[in-house]
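Just below is one structure, and these are the notes that go with it.
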Amino acid sequence: MITQATKEEVEFILSHAVSSTYDATQMEISEEKAVAMLQGVLDKGGFYLIAKEEDGTITGWILLGKNTDYFTDQTYGFIYEIYVLPEHRGKGLSKLLINEGNAYWKSQGYDEVRLNVFASNFAKEIYKKMGFEEINFIMKAKL
């Protein structure tokens with residue numbers, strides 16, 4: 001079952017901010033920083049959809065919000081976070097959450113959804129299989 005997260009469920013999600021951020025980036029950051037990043041999206045109208053079992057146990061979530069292309073000024077749907085709790089992985093929940101997010105954006109009249117994925121993120125291949133294409137790369141050099 002997928003529903004929009006309640007305030008209490010958002011608190012549960014934010015209690016996992018360090019884990020979800022690490023899984024996505026392979027970087028260790030403080031809880032304060034991880035929560036602040038997610039709270040910033042929520043403060044700008046973003047919201048969570050959550051996957052739950054019949055007994056109400058949260059199994060995963062997706063954070064949706066709007067974004068605007070810097071070059072074209074096009075507004076599009078954006079997936080800021082996707083996370084499935086480790087004990088619930090391998091059941092297709094990421095795909096289910098992405099499909100729900102895409103359906104939401106389509107129902108709102110958008111024809112494009114984007115997400116950012118770090119090169120080290122194991123989910124990158126899932127996103128490609130679901131139709132996401134690479135549109136830019138951020139590179140770095142050690143000095």
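Identifiers for the structure tokens are assigned positionally: chains receive A, B, ... in sequence, residues are indexed from 1 per chain, and ligands are indexed from 1 in the order shown.
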- 10 Å contact set for Gly65 (chain A), only C-alpha atoms, chain neighbours under 5 positions out, as a list in words: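 Skipping anything fewer than 5 positions along the chain leaves Val41, Leu42, Lys44, Gly45, Gly46, Phe47, Tyr48, Tyr76, Gly77, Phe78, Ile79, Tyr80, Glu81, Gly101, Trp105 and Val113 of chain A.
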- Message: Using DSSP assignments from the backbone, pull out every residue in chain A that falls under helix (DSSP H, G or I) and give it to me as a PyMOL selection string.
- Response: chain A and resi 7-14+17-25+31-43+86-88+93-107+124-129
Okay, now the selection with N, CA and C atoms, as a short mmCIF file (atom, residue, chain, number, x, y, z; two decimals), in the first residue's frame?
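After the write, again.cif holds the following:
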data_model
loop_
_atom_site.label_atom_id
_atom_site.label_comp_id
_atom_site.auth_asym_id
_atom_site.auth_seq_id
_atom_site.Cartn_x
_atom_site.Cartn_y
_atom_site.Cartn_z
N LYS A 7 2.54 13.39 9.49
CA LYS A 7 3.59 14.09 10.23
C LYS A 7 4.42 13.09 11.05
N GLU A 8 3.75 12.16 11.70
CA GLU A 8 4.46 11.16 12.51
C GLU A 8 5.32 10.25 11.64
N GLU A 9 4.81 9.90 10.46
CA GLU A 9 5.58 9.06 9.55
C GLU A 9 6.78 9.81 9.00
N VAL A 10 6.64 11.11 8.76
CA VAL A 10 7.79 11.91 8.32
C VAL A 10 8.85 11.92 9.41
N GLU A 11 8.46 12.01 10.66
CA GLU A 11 9.43 11.96 11.76
C GLU A 11 10.19 10.64 11.75
N PHE A 12 9.49 9.53 11.50
CA PHE A 12 10.15 8.23 11.39
C PHE A 12 11.14 8.24 10.23
N ILE A 13 10.72 8.75 9.09
CA ILE A 13 11.60 8.82 7.91
C ILE A 13 12.84 9.64 8.22
N LEU A 14 12.66 10.80 8.83
CA LEU A 14 13.80 11.66 9.13
C LEU A 14 14.75 11.02 10.15
N ALA A 17 17.51 9.47 8.21
CA ALA A 17 18.14 10.35 7.23
C ALA A 17 19.62 10.04 7.01
N VAL A 18 20.34 9.69 8.06
CA VAL A 18 21.76 9.39 7.90
C VAL A 18 21.95 8.14 7.05
N SER A 19 21.17 7.10 7.33
CA SER A 19 21.28 5.84 6.58
C SER A 19 20.90 6.03 5.13
N SER A 20 19.80 6.74 4.88
CA SER A 20 19.36 6.91 3.50
C SER A 20 20.35 7.76 2.71
N THR A 21 20.91 8.77 3.35
CA THR A 21 21.89 9.61 2.67
C THR A 21 23.16 8.83 2.37
N TYR A 22 23.60 8.02 3.33
CA TYR A 22 24.80 7.22 3.11
C TYR A 22 24.61 6.24 1.96
N ASP A 23 23.46 5.56 1.94
CA ASP A 23 23.21 4.60 0.87
C ASP A 23 23.23 5.28 -0.50
N ALA A 24 22.73 6.49 -0.58
CA ALA A 24 22.66 7.21 -1.86
C ALA A 24 24.00 7.79 -2.29
N THR A 25 24.83 8.17 -1.32
CA THR A 25 26.05 8.92 -1.65
C THR A 25 27.35 8.25 -1.26
N GLU A 31 23.76 13.78 11.39
CA GLU A 31 22.30 13.68 11.39
C GLU A 31 21.69 15.05 11.15
N GLU A 32 22.27 16.08 11.77
CA GLU A 32 21.76 17.43 11.60
C GLU A 32 21.77 17.85 10.12
N LYS A 33 22.86 17.57 9.42
CA LYS A 33 22.98 17.93 8.00
C LYS A 33 22.02 17.11 7.16
N ALA A 34 21.93 15.82 7.41
CA ALA A 34 21.04 14.95 6.63
C ALA A 34 19.58 15.38 6.78
N VAL A 35 19.17 15.65 7.99
CA VAL A 35 17.79 16.07 8.24
C VAL A 35 17.54 17.44 7.60
N ALA A 36 18.50 18.34 7.72
CA ALA A 36 18.35 19.69 7.17
C ALA A 36 18.15 19.65 5.65
N MET A 37 18.87 18.77 4.97
CA MET A 37 18.71 18.67 3.51
C MET A 37 17.29 18.24 3.15
N LEU A 38 16.79 17.24 3.82
CA LEU A 38 15.45 16.73 3.53
C LEU A 38 14.38 17.72 3.97
N GLN A 39 14.58 18.33 5.12
CA GLN A 39 13.61 19.29 5.63
C GLN A 39 13.50 20.49 4.70
N GLY A 40 14.60 20.86 4.06
CA GLY A 40 14.57 21.96 3.10
C GLY A 40 13.62 21.67 1.94
N VAL A 41 13.60 20.44 1.47
CA VAL A 41 12.68 20.05 0.39
C VAL A 41 11.24 20.09 0.91
N LEU A 42 11.02 19.56 2.10
CA LEU A 42 9.68 19.56 2.69
C LEU A 42 9.16 20.98 2.89
N ASP A 43 10.04 21.86 3.32
CA ASP A 43 9.65 23.26 3.57
C ASP A 43 9.25 23.98 2.28
N PRO A 86 16.54 -1.76 4.61
CA PRO A 86 17.32 -2.94 4.20
C PRO A 86 16.57 -4.27 4.29
N GLU A 87 15.80 -4.45 5.32
CA GLU A 87 15.10 -5.73 5.49
C GLU A 87 13.95 -5.94 4.51
N HIS A 88 13.64 -4.92 3.71
CA HIS A 88 12.54 -5.01 2.74
C HIS A 88 13.02 -4.89 1.29
N LEU A 93 10.09 -2.79 -4.31
CA LEU A 93 9.49 -1.59 -3.73
C LEU A 93 10.00 -0.31 -4.37
N SER A 94 11.27 -0.26 -4.74
CA SER A 94 11.79 0.95 -5.39
C SER A 94 11.04 1.21 -6.68
N LYS A 95 10.83 0.19 -7.48
CA LYS A 95 10.10 0.35 -8.73
C LYS A 95 8.67 0.79 -8.47
N LEU A 96 8.04 0.19 -7.48
CA LEU A 96 6.67 0.56 -7.13
C LEU A 96 6.60 2.03 -6.72
N LEU A 97 7.54 2.49 -5.89
CA LEU A 97 7.56 3.88 -5.44
C LEU A 97 7.82 4.83 -6.61
N ILE A 98 8.75 4.48 -7.48
CA ILE A 98 9.04 5.32 -8.64
C ILE A 98 7.82 5.41 -9.54
N ASN A 99 7.18 4.28 -9.78
CA ASN A 99 5.97 4.29 -10.62
C ASN A 99 4.88 5.16 -10.01
N GLU A 100 4.71 5.11 -8.71
CA GLU A 100 3.71 5.96 -8.04
C GLU A 100 4.08 7.43 -8.16
N GLY A 101 5.38 7.73 -7.98
CA GLY A 101 5.84 9.11 -8.13
C GLY A 101 5.62 9.61 -9.55
N ASN A 102 5.96 8.78 -10.54
CA ASN A 102 5.76 9.17 -11.94
C ASN A 102 4.28 9.38 -12.24
N ALA A 103 3.43 8.51 -11.71
CA ALA A 103 1.98 8.65 -11.93
C ALA A 103 1.47 9.95 -11.32
N TYR A 104 2.01 10.31 -10.15
CA TYR A 104 1.61 11.57 -9.51
C TYR A 104 1.97 12.75 -10.42
N TRP A 105 3.22 12.78 -10.91
CA TRP A 105 3.65 13.90 -11.73
C TRP A 105 2.85 13.97 -13.02
N LYS A 106 2.57 12.83 -13.61
CA LYS A 106 1.75 12.82 -14.83
C LYS A 106 0.36 13.37 -14.55
N SER A 107 -0.23 13.00 -13.40
CA SER A 107 -1.57 13.49 -13.05
C SER A 107 -1.58 15.00 -12.81
N LYS A 124 21.50 3.02 -9.57
CA LYS A 124 21.60 3.69 -10.87
C LYS A 124 21.09 2.78 -12.00
N GLU A 125 21.41 1.52 -11.94
CA GLU A 125 20.99 0.59 -12.99
C GLU A 125 19.48 0.37 -12.96
N ILE A 126 18.87 0.39 -11.79
CA ILE A 126 17.41 0.28 -11.68
C ILE A 126 16.77 1.47 -12.38
N TYR A 127 17.30 2.66 -12.14
CA TYR A 127 16.74 3.86 -12.75
C TYR A 127 16.82 3.79 -14.28
N LYS A 128 17.96 3.32 -14.78
CA LYS A 128 18.11 3.20 -16.24
C LYS A 128 17.08 2.22 -16.80
N LYS A 129 16.87 1.10 -16.12
CA LYS A 129 15.88 0.11 -16.58
C LYS A 129 14.47 0.68 -16.57
#
- Task: Would you please work out which residue, of A:Gly56, A:Gln26, A:Lys66, A:Val84, is nearest to Ala119 (chain A) when using only C-alpha atoms?
- Result: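 Of A:Gly56, A:Gln26, A:Lys66, A:Val84, the one nearest Ala119 (chain A) is A:Gln26, counting only C-alpha atoms.
If only C-alpha atoms are the atoms counted, then among A:Glu134, A:Ala141, A:Ala123, A:Arg114 the closest residue to Asp69 (chain A) is A:Arg114.
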- Item | Minimum-distance residue to Leu115 (chain A), chosen among A:Tyr70, A:Phe137, A:Phe132, A:Trp61 (using only C-alpha atoms) | A:Phe132
- Which of chain A fall in strand (DSSP E or B), as an MDAnalysis selection string: chainID A and resid 2:4 47:52 58:68 75:84 113:115
Atoms to include: C-alpha atoms. Write the selected residues as a PDB file, in the first residue's frame.
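Heads up, here's the output in out_25.pdb:
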ATOM      1  CA  ILE A   2       1.310   3.476  -0.871  1.00  0.00           C
ATOM      2  CA  THR A   3       0.046   6.590   0.895  1.00  0.00           C
ATOM      3  CA  GLN A   4       1.182  10.125   1.588  1.00  0.00           C
ATOM      4  CA  PHE A  47       6.209  15.466   0.355  1.00  0.00           C
ATOM      5  CA  TYR A  48       6.777  11.793   1.011  1.00  0.00           C
ATOM      6  CA  LEU A  49       4.894   8.854  -0.385  1.00  0.00           C
ATOM      7  CA  ILE A  50       5.442   5.765   1.739  1.00  0.00           C
ATOM      8  CA  ALA A  51       5.143   2.044   1.130  1.00  0.00           C
ATOM      9  CA  LYS A  52       3.555   0.198   4.041  1.00  0.00           C
ATOM     10  CA  ILE A  58       6.792   1.411   6.808  1.00  0.00           C
ATOM     11  CA  THR A  59       8.970  -0.388   4.269  1.00  0.00           C
ATOM     12  CA  GLY A  60      10.224   2.485   2.091  1.00  0.00           C
ATOM     13  CA  TRP A  61       9.560   5.983   0.800  1.00  0.00           C
ATOM     14  CA  ILE A  62      10.036   8.472  -1.987  1.00  0.00           C
ATOM     15  CA  LEU A  63      10.406  12.246  -1.567  1.00  0.00           C
ATOM     16  CA  LEU A  64       8.787  14.277  -4.353  1.00  0.00           C
ATOM     17  CA  GLY A  65       9.055  17.970  -5.106  1.00  0.00           C
ATOM     18  CA  LYS A  66       9.234  20.388  -8.003  1.00  0.00           C
ATOM     19  CA  ASN A  67      12.377  21.739  -9.581  1.00  0.00           C
ATOM     20  CA  THR A  68      13.218  24.136 -12.424  1.00  0.00           C
ATOM     21  CA  THR A  75       9.488  23.154 -14.234  1.00  0.00           C
ATOM     22  CA  TYR A  76       9.463  19.386 -13.756  1.00  0.00           C
ATOM     23  CA  GLY A  77       8.785  16.785 -11.119  1.00  0.00           C
ATOM     24  CA  PHE A  78      11.789  15.747  -9.089  1.00  0.00           C
ATOM     25  CA  ILE A  79      12.541  12.670  -6.998  1.00  0.00           C
ATOM     26  CA  TYR A  80      14.732  13.863  -4.150  1.00  0.00           C
ATOM     27  CA  GLU A  81      15.015  10.602  -2.273  1.00  0.00           C
ATOM     28  CA  ILE A  82      14.107   6.959  -2.663  1.00  0.00           C
ATOM     29  CA  TYR A  83      14.818   4.580   0.189  1.00  0.00           C
ATOM     30  CA  VAL A  84      13.779   1.061   1.032  1.00  0.00           C
ATOM     31  CA  VAL A 113      10.539  13.709 -13.945  1.00  0.00           C
ATOM     32  CA  ARG A 114      14.179  13.829 -12.931  1.00  0.00           C
ATOM     33  CA  LEU A 115      16.385  12.567 -10.147  1.00  0.00           C
TER      34      LEU A 115
END
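Here CA of Phe122 (chain A) is placed at a distance of 22.3 Å from CA of Ser15 (chain A).
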- Task: Could you check how far CA of Thr57 (chain A) sits from CA of Met1 (chain A), in Å to one decimal?
- Result: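 So the two atoms, CA of Thr57 (chain A) and CA of Met1 (chain A), lie 10.3 Å apart.
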- Query: For the atom pair CA of Gln74 (chain A) and CA of Glu133 (chain A), what is the interatomic distance in Å to one decimal place?
  - Reply: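 For CA of Gln74 (chain A) relative to CA of Glu133 (chain A), the distance reads 17.4 Å.
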- Message: Under the rule that only C-alpha atoms are counted, which of A:Ile135, A:Met27, A:Leu143, A:Leu85 is the nearest residue to Asn121 (chain A)?
- Response: A:Met27
